[in-house]
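Report on the following structure.
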Protein chains: 2
Amino acid sequence: MPRTKRAPSAARKLFGQRLRAERHARGLTLEDVGEQADIAWNYVAQVERGERNIGIDNMAALADALGMELAKLLLPKEEPRLH
Amino acid sequence: MPRTKRAPSAARKLFGQRLRAERHARGLTLEDVGEQADIAWNYVAQVERGERNIGIDNMAALADALGMELAKLLLPKEEPRLH
């Protein structure tokens, strides 16, 4: 059933920002992460900018490439919040 | 650039299981959640079964429909793990 296209979510922007921060923290390039996750590096760049409605399977592959739990890429900080 | 189709991720299954558990905990039907998130109820059912590579925008809409943070739907338990 067709419906109005959804506006980009805040989650998309957060995921992109966290992905970039964690990639930089590891000294990895877009190419490094893309190769590890089997995703084109320019797609990874678009995800980091919040330009793509990335699917959960690719999100999981990117978290794996960074050696992280996916949930942590959807929290504002690296550590889960306690409240 | 075409590439081999990725196998369904464990994250997909976890997200579906957590979504269903939280929906049930709130006494909501697939139709309730689908209407709130503006997603067809049968698509929500497929997501709960791990059959769909759901995009982050729809994941965020489903979390919103349950009044939850998206990250919590990607952790095995309701509370973030502390280790």
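Every chain in the structure tokens has a letter given in the order shown (A, B, ...), and although residue numbers restart at 1 in each chain, ligands are simply numbered from 1 in the order shown.
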So which bits of chain B end up alpha helix (DSSP H) when you DSSP the backbone, as a ChimeraX atom specification? /B:10-25,30-37,41-48,56-66
Please report as CSV every residue of chain A lying within 6 Å of chain B, along with the nearest atom pair and their distance in Å (one decimal), using only C-alpha atoms.
```
residue,atom,partner,partner_atom,distance
A:Ser9,CA,B:Asp57,CA,5.2
A:Asn53,CA,B:Gly55,CA,5.6
A:Ile54,CA,B:Gly55,CA,5.3
A:Gly55,CA,B:Gly55,CA,4.0
A:Ile56,CA,B:Asn53,CA,5.7
A:Asp57,CA,B:Ser9,CA,5.2
A:Ala71,CA,B:Ala71,CA,4.7
A:Leu74,CA,B:Ala71,CA,5.2
A:Pro80,CA,B:Pro80,CA,5.8
```
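Here atom CA of A:Met68 is placed at a distance of 21.3 Å from atom CA of B:Ala63.
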If we count only C-alpha atoms, what is near A:Ala65 at a cut-off of 7 Å, once residues fewer than 4 positions away on the same chain are taken out, given as a ChimeraX atom specification? /A:33,36-37,61
I need the chosen residues saved as a compact mmCIF listing (two decimals), in the first residue's frame, with N, CA and C atoms.
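Now in result.txt:
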```
# COMPACT_ATOMS: atom_id res chain seq x y z
N VAL A 33 36.42 0.44 6.52
CA VAL A 33 35.15 -0.02 7.07
C VAL A 33 34.26 -0.62 5.97
N GLN A 36 35.53 -4.09 5.06
CA GLN A 36 35.22 -5.05 6.13
C GLN A 36 33.73 -5.42 6.14
N ALA A 37 32.88 -4.44 5.89
CA ALA A 37 31.44 -4.66 5.95
C ALA A 37 30.86 -5.08 4.61
N ALA A 61 26.27 -5.00 9.83
CA ALA A 61 27.58 -5.26 9.21
C ALA A 61 28.56 -4.14 9.56
```
Spatial neighbours of stretch 16-22 of chain A, 7 Å, only C-alpha atoms, chain gap at least 2 places, as an MDAnalysis selection string: chainID A and resid 12:14 24:26 47:50 73
Those residues you just picked out, can you put them in a file as a PDB file, in the first residue's frame with N, CA and C atoms?
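Output contents, as saved in part-v3.pdb:
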```pdb
ATOM      1  N   ARG A  12      18.595   8.321  12.085  1.00  0.00           N
ATOM      2  CA  ARG A  12      19.488   8.245  10.931  1.00  0.00           C
ATOM      3  C   ARG A  12      20.700   9.157  11.121  1.00  0.00           C
ATOM      4  N   LYS A  13      20.420  10.357  11.584  1.00  0.00           N
ATOM      5  CA  LYS A  13      21.504  11.319  11.825  1.00  0.00           C
ATOM      6  C   LYS A  13      22.395  10.868  12.983  1.00  0.00           C
ATOM      7  N   LEU A  14      21.775  10.407  14.058  1.00  0.00           N
ATOM      8  CA  LEU A  14      22.551   9.921  15.205  1.00  0.00           C
ATOM      9  C   LEU A  14      23.438   8.749  14.796  1.00  0.00           C
ATOM     10  N   HIS A  24      36.553   7.055  13.356  1.00  0.00           N
ATOM     11  CA  HIS A  24      37.718   7.915  13.596  1.00  0.00           C
ATOM     12  C   HIS A  24      38.494   7.478  14.827  1.00  0.00           C
ATOM     13  N   ALA A  25      37.757   7.096  15.875  1.00  0.00           N
ATOM     14  CA  ALA A  25      38.415   6.674  17.121  1.00  0.00           C
ATOM     15  C   ALA A  25      39.319   5.472  16.884  1.00  0.00           C
ATOM     16  N   ARG A  26      39.018   4.698  15.848  1.00  0.00           N
ATOM     17  CA  ARG A  26      39.821   3.510  15.515  1.00  0.00           C
ATOM     18  C   ARG A  26      40.851   3.788  14.419  1.00  0.00           C
ATOM     19  N   VAL A  47      25.884   7.331   4.548  1.00  0.00           N
ATOM     20  CA  VAL A  47      25.265   6.920   5.815  1.00  0.00           C
ATOM     21  C   VAL A  47      25.764   7.817   6.950  1.00  0.00           C
ATOM     22  N   GLU A  48      27.066   8.092   6.950  1.00  0.00           N
ATOM     23  CA  GLU A  48      27.632   8.944   8.014  1.00  0.00           C
ATOM     24  C   GLU A  48      27.025  10.348   7.972  1.00  0.00           C
ATOM     25  N   ARG A  49      26.634  10.794   6.795  1.00  0.00           N
ATOM     26  CA  ARG A  49      26.027  12.122   6.666  1.00  0.00           C
ATOM     27  C   ARG A  49      24.512  12.078   6.887  1.00  0.00           C
ATOM     28  N   GLY A  50      23.971  10.916   7.173  1.00  0.00           N
ATOM     29  CA  GLY A  50      22.532  10.802   7.417  1.00  0.00           C
ATOM     30  C   GLY A  50      21.704  10.871   6.151  1.00  0.00           C
ATOM     31  N   LEU A  73      25.656   2.109  18.651  1.00  0.00           N
ATOM     32  CA  LEU A  73      25.702   3.107  17.578  1.00  0.00           C
ATOM     33  C   LEU A  73      24.393   3.893  17.499  1.00  0.00           C
TER      34      LEU A  73
END
```
